[in-house]
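Undergrad: File upload-v2.txt below, compact mmCIF, C-alpha atoms:
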```txt
# COMPACT_ATOMS: atom_id res chain seq x y z
CA MET P 26 99.40 97.77 107.19
CA SER P 27 102.76 96.07 107.53
CA VAL P 28 104.23 93.33 109.71
CA THR P 29 107.98 93.15 110.29
CA TYR P 30 109.54 90.05 111.84
CA ILE P 31 112.78 90.65 113.72
CA THR P 32 115.04 87.62 114.00
CA GLY P 33 118.72 87.14 114.71
CA THR P 34 121.65 85.07 113.56
CA ASP P 35 121.90 83.90 117.19
CA THR P 36 120.67 84.82 120.65
CA ASP P 37 121.75 88.09 122.31
CA VAL P 38 122.64 89.79 119.03
CA GLY P 39 120.52 92.90 119.64
CA LYS P 40 117.02 91.96 118.46
CA THR P 41 115.28 93.87 121.25
CA LEU P 42 117.33 97.04 120.68
CA THR P 43 116.73 96.76 116.95
CA THR P 44 113.00 96.38 117.57
CA ALA P 45 113.08 99.49 119.74
CA ALA P 46 115.01 101.47 117.11
CA LEU P 47 112.58 100.35 114.39
CA ALA P 48 109.66 101.40 116.60
CA VAL P 49 111.21 104.84 117.04
CA ALA P 50 111.84 105.30 113.32
CA LEU P 51 108.36 104.19 112.31
CA SER P 52 106.69 106.29 115.02
CA ALA P 53 108.72 109.32 113.96
CA ALA P 54 107.25 108.87 110.47
CA GLY P 55 103.76 109.15 111.98
CA ALA P 56 102.86 105.45 112.07
CA ALA P 57 100.89 103.70 114.80
CA VAL P 58 103.16 100.86 115.96
CA ALA P 59 102.48 97.71 117.99
CA ILE P 60 105.05 95.25 119.36
CA TYR P 61 104.37 91.52 119.66
CA LYS P 62 106.64 88.92 121.28
CA PRO P 63 105.24 85.39 120.68
CA THR P 64 107.36 83.77 123.40
CA GLN P 65 109.25 85.58 126.15
CA THR P 66 111.64 83.40 128.14
CA GLY P 67 113.89 84.40 130.99
CA ALA P 68 111.27 86.62 132.63
CA SER P 69 108.29 85.78 134.80
CA GLY P 70 105.48 87.67 136.48
CA SER P 71 106.06 91.41 136.46
CA GLU P 72 109.78 91.17 135.64
CA HIS P 73 111.17 93.44 132.92
CA GLY P 74 110.91 91.58 129.60
CA ASP P 75 111.88 92.37 126.03
CA VAL P 76 108.66 94.21 125.14
CA ASP P 77 109.02 96.29 128.32
CA GLU P 78 112.52 97.26 127.22
CA VAL P 79 111.25 98.17 123.76
CA SER P 80 108.57 100.34 125.33
CA ARG P 81 111.02 102.01 127.74
CA LEU P 82 113.44 102.96 124.98
CA SER P 83 111.01 103.76 122.17
CA GLY P 84 108.02 105.20 124.02
CA VAL P 85 105.67 102.83 122.16
CA HIS P 86 103.10 101.50 124.62
CA SER P 87 101.17 99.01 122.48
CA ILE P 88 103.21 96.00 123.65
CA HIS P 89 101.97 92.39 123.74
CA GLU P 90 103.23 88.89 124.55
CA GLY P 91 101.97 85.44 123.62
CA ILE P 92 103.42 83.72 126.70
CA ARG P 93 105.98 84.52 129.39
CA LEU P 94 108.23 81.81 130.86
CA GLY P 95 110.77 82.18 133.63
CA ASP P 96 113.65 79.97 132.51
CA PRO P 97 116.16 81.59 130.10
CA MET P 98 115.95 78.75 127.60
CA ALA P 99 114.48 77.97 124.20
CA PRO P 100 110.66 78.22 124.38
CA ARG P 101 109.88 74.49 124.23
CA ALA P 102 112.41 73.67 126.93
CA ALA P 103 111.26 76.57 129.13
CA ALA P 104 107.61 75.54 128.75
CA GLY P 105 108.48 71.95 129.64
CA ARG P 106 110.24 73.02 132.83
CA ALA P 107 107.26 75.18 133.78
CA ASN P 108 104.76 72.45 132.86
CA ARG P 109 102.91 74.88 130.60
CA GLU P 110 101.58 74.68 127.05
CA LEU P 111 102.93 77.06 124.44
CA PRO P 112 100.34 78.96 122.38
CA ASP P 113 99.95 77.33 118.98
CA LEU P 114 100.54 78.96 115.63
CA THR P 115 96.89 79.91 115.11
CA HIS P 116 96.91 81.89 118.37
CA HIS P 117 99.88 83.97 117.21
CA VAL P 118 98.42 84.42 113.72
CA ALA P 119 95.15 85.70 115.17
CA ARG P 120 96.94 88.05 117.55
CA ILE P 121 99.09 89.54 114.80
CA ALA P 122 96.03 89.97 112.55
CA GLU P 123 94.19 91.76 115.37
CA LEU P 124 97.10 94.14 115.94
CA ALA P 125 97.60 94.72 112.22
CA ALA P 126 93.95 95.74 111.88
CA SER P 127 94.40 98.56 114.39
CA HIS P 128 98.01 99.68 113.72
CA ASP P 129 100.04 100.77 110.71
CA HIS P 130 102.98 98.56 111.64
CA VAL P 131 103.37 95.47 113.83
CA LEU P 132 106.88 94.50 114.91
CA VAL P 133 107.15 90.81 115.84
CA GLU P 134 110.30 89.94 117.78
CA GLY P 135 111.34 86.29 117.63
CA ALA P 136 113.17 84.16 120.19
CA GLY P 137 116.80 83.44 119.39
CA GLY P 138 117.34 82.61 115.73
CA LEU P 139 114.97 82.09 112.83
CA LEU P 140 114.36 78.36 113.29
CA VAL P 141 113.89 78.24 117.07
CA GLU P 142 110.70 76.30 117.79
CA LEU P 143 107.88 78.48 119.14
CA ASP P 144 105.22 75.83 119.85
CA ALA P 145 104.74 72.13 120.55
CA ASP P 146 104.36 71.43 116.82
CA SER P 147 107.87 72.73 116.06
CA HIS P 148 106.65 75.83 114.22
CA THR P 149 109.23 78.58 113.89
CA LEU P 150 109.16 82.33 113.31
CA ALA P 151 109.47 81.59 109.59
CA ASP P 152 106.37 79.38 109.79
CA LEU P 153 104.53 82.08 111.70
CA ALA P 154 105.36 84.72 109.08
CA ALA P 155 104.25 82.40 106.28
CA ALA P 156 100.94 81.67 108.03
CA ALA P 157 100.24 85.27 109.04
CA THR P 158 100.64 86.98 105.68
CA GLY P 159 96.93 87.81 105.15
CA ALA P 160 96.36 91.32 103.85
CA ALA P 161 99.48 92.71 105.54
CA LEU P 162 102.83 93.25 103.87
CA SER P 163 105.48 91.13 105.58
CA HIS P 164 109.17 91.94 105.95
CA PHE P 165 112.07 90.30 107.77
CA VAL P 166 114.88 92.07 109.59
CA VAL P 167 117.89 89.91 110.45
CA VAL P 168 120.06 91.19 113.31
CA CYS P 169 123.72 90.22 112.93
CA ARG P 170 126.87 90.25 115.01
CA SER P 171 129.81 92.41 113.95
CA GLY P 172 132.65 89.95 114.63
CA LEU P 173 134.23 86.85 113.17
CA GLY P 174 131.72 84.24 112.02
CA THR P 175 128.91 86.67 111.28
CA LEU P 176 129.14 86.33 107.49
CA ASN P 177 128.44 82.59 107.58
CA HIS P 178 125.68 82.89 110.20
CA THR P 179 124.03 85.71 108.27
CA ALA P 180 124.27 83.86 104.94
CA LEU P 181 122.66 80.77 106.49
CA THR P 182 119.76 82.81 107.88
CA VAL P 183 119.24 84.72 104.62
CA GLU P 184 119.35 81.47 102.62
CA ALA P 185 116.76 79.91 104.95
CA LEU P 186 114.48 82.91 104.38
CA HIS P 187 114.95 82.86 100.61
CA ARG P 188 114.21 79.12 100.46
CA ARG P 189 110.94 79.80 102.27
CA GLY P 190 109.95 82.51 99.81
CA PHE P 191 110.86 85.61 101.83
CA ALA P 192 112.67 87.93 99.47
CA GLY P 193 114.75 90.94 100.38
CA PRO P 194 115.34 90.61 104.14
CA ALA P 195 116.99 93.63 105.72
CA LEU P 196 120.17 93.39 107.80
CA VAL P 197 121.13 95.30 110.96
CA ILE P 198 124.33 94.96 112.97
CA GLY P 199 122.97 94.86 116.50
CA SER P 200 126.06 96.06 118.40
CA TRP P 201 128.71 98.11 116.62
CA PRO P 202 131.83 98.89 118.70
CA ALA P 203 133.16 102.41 119.15
CA THR P 204 136.55 101.20 117.88
CA PRO P 205 135.88 98.47 115.32
CA SER P 206 138.59 96.02 114.33
CA ASP P 207 139.73 95.42 110.76
CA VAL P 208 137.64 92.23 110.80
CA GLU P 209 134.52 94.14 111.86
CA LEU P 210 135.05 96.86 109.26
CA SER P 211 135.47 94.19 106.59
CA ASN P 212 132.37 92.34 107.81
CA ARG P 213 130.29 95.51 107.66
CA GLU P 214 131.29 96.09 104.04
CA SER P 215 130.50 92.47 103.18
CA LEU P 216 127.11 92.65 104.88
CA ARG P 217 126.31 95.85 103.01
CA GLY P 218 126.89 93.96 99.78
CA THR P 219 125.02 90.76 100.66
CA GLU P 220 123.05 89.76 97.60
CA GLY P 221 119.28 89.83 97.94
CA THR P 222 119.25 91.94 101.12
CA GLN P 223 119.04 95.55 102.26
CA PHE P 224 121.47 96.92 104.83
CA LEU P 225 119.65 99.22 107.26
CA GLY P 226 122.53 100.21 109.54
CA CYS P 227 124.32 99.55 112.82
CA LEU P 228 123.29 100.07 116.42
CA PRO P 229 126.13 101.30 118.64
CA ALA P 230 127.34 99.05 121.43
CA GLY P 231 125.87 100.15 124.74
CA ALA P 232 122.77 101.72 123.18
CA SER P 233 120.60 100.17 125.89
CA ARG P 234 122.38 102.28 128.50
CA LEU P 235 121.34 105.53 126.85
CA ALA P 236 118.57 107.57 128.38
CA PRO P 237 115.32 106.89 126.49
CA ARG P 238 115.16 110.46 125.21
CA THR P 239 118.68 110.18 123.78
CA PHE P 240 117.93 106.76 122.30
CA ARG P 241 114.89 108.17 120.49
CA GLU P 242 116.84 111.17 119.21
CA LEU P 243 119.57 108.97 117.74
CA ALA P 244 117.65 105.89 116.56
CA THR P 245 116.49 107.52 113.32
CA GLN P 246 120.14 108.23 112.49
CA TRP P 247 121.21 104.62 113.06
CA LEU P 248 118.65 102.99 110.76
CA HIS P 249 117.60 104.01 107.27
CA LEU P 250 114.21 102.50 106.55
CA PRO P 251 112.96 102.39 102.95
CA HIS P 252 109.42 101.77 104.26
CA CYS P 253 109.19 105.05 106.23
```
Written as structure tokens, how would this file's structure read?

TA:
Amino acid sequence: MSVTYITGTDTDVGKTLTTAALAVALSAAGAAVAIYKPTQTGASGSEHGDVDEVSRLSGVHSIHEGIRLGDPMAPRAAAGRANRELPDLTHHVARIAELAASHDHVLVEGAGGLLVELDADSHTLADLAAAATGAALSHFVVVCRSGLGTLNHTALTVEALHRRGFAGPALVIGSWPATPSDVELSNRESLRGTEGTQFLGCLPAGASRLAPRTFRELATQWLHLPHC
């Protein structure tokens, strides 16, 4: 069993699309895949959330959330506005362990960047991954931007992971333009050579607008997973 944590160098960098593409690639290799989102903000009730989008695009139906909050804010702020308590770290650890026991792969999509606080005790996705190791193999995928500033943001996230003992995070560019600039082409080459990481590939800009069938046909070409 394996647990992959998907984080980003910022918000809106393509974590959900990357999670969907990973789900497609792993499923295509014959694995049973589950998706877990510890905190979903910006969606309430039956609104379309990130795990719903992953399911729509990938066809994976084992999708789960820890909590759903309506305000499009960081989890602690959104919970405060809704006067609700966030699930604590032990809740998420138990949920991931339960899913890992019945699936080959669990994909855990974070909120925003790596160090966004997920509960009232200021635990982050990095803390969750450290606490939920158990018998499962744990990996991190860092979703990056293509444009100016991405090298610094990516290096900061990778350094934070390395300092916490997570070796070899994988990198994905979450939105690659059809006509990349010289800066973007240079950034892609630099990200490919980032020490202590693996570069999995790029997702094309506008991938979310593809029909699900087309998304699934192409996703295995966008990402090259050593674990498949």

Undergrad: Please identify all polymer residues within 12 Å of Arg81 in chain P, counting only C-alpha atoms, omitting same-chain residues fewer than 6 positions from it, and present them as a count of residues only.

TA: 21

Undergrad: With all atoms listed in the file as the atoms that count, which of P:Val58, P:Leu82, P:Leu153, P:Leu181 lies nearest to Gly135 in chain P?

TA: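 Closest residue, counting all atoms listed in the file: P:Leu153.
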
Undergrad: Of the candidates P:Thr43, P:Thr149, P:Thr66, P:Thr32, which one gets nearest to Gly95 in chain P if we count all atoms listed in the file?

TA: P:Thr66

Undergrad: Using all atoms listed in the file, which protein or nucleic acid residues come within 8 Å of Thr34 in chain P? Drop anything in the same chain fewer than 6 positions from it, and give the result as a JSON list (two decimals) with C-alpha atoms, in the coordinates of the input.

TA:
```json
[["chain", "number", "residue", "atom", "x", "y", "z"],
["P", 137, "GLY", "CA", 116.80, 83.44, 119.39],
["P", 138, "GLY", "CA", 117.34, 82.61, 115.73],
["P", 139, "LEU", "CA", 114.97, 82.09, 112.83],
["P", 167, "VAL", "CA", 117.89, 89.91, 110.45],
["P", 168, "VAL", "CA", 120.06, 91.19, 113.31],
["P", 169, "CYS", "CA", 123.72, 90.22, 112.93],
["P", 170, "ARG", "CA", 126.87, 90.25, 115.01],
["P", 175, "THR", "CA", 128.91, 86.67, 111.28],
["P", 178, "HIS", "CA", 125.68, 82.89, 110.20],
["P", 179, "THR", "CA", 124.03, 85.71, 108.27],
["P", 182, "THR", "CA", 119.76, 82.81, 107.88]]
```

Undergrad: Env of His89 in chain P: 10 Å cut, atoms = all atoms listed in the file, seq-sep filter 2 positions within chain, self excluded. Answer as a list in words.

TA: Ala59, Ile60, Tyr61, Lys62, Pro63, Val76, Asp77, His86, Ser87, Gly91, Ile92, Arg120, Ile121, Leu124 and Val133 of chain P
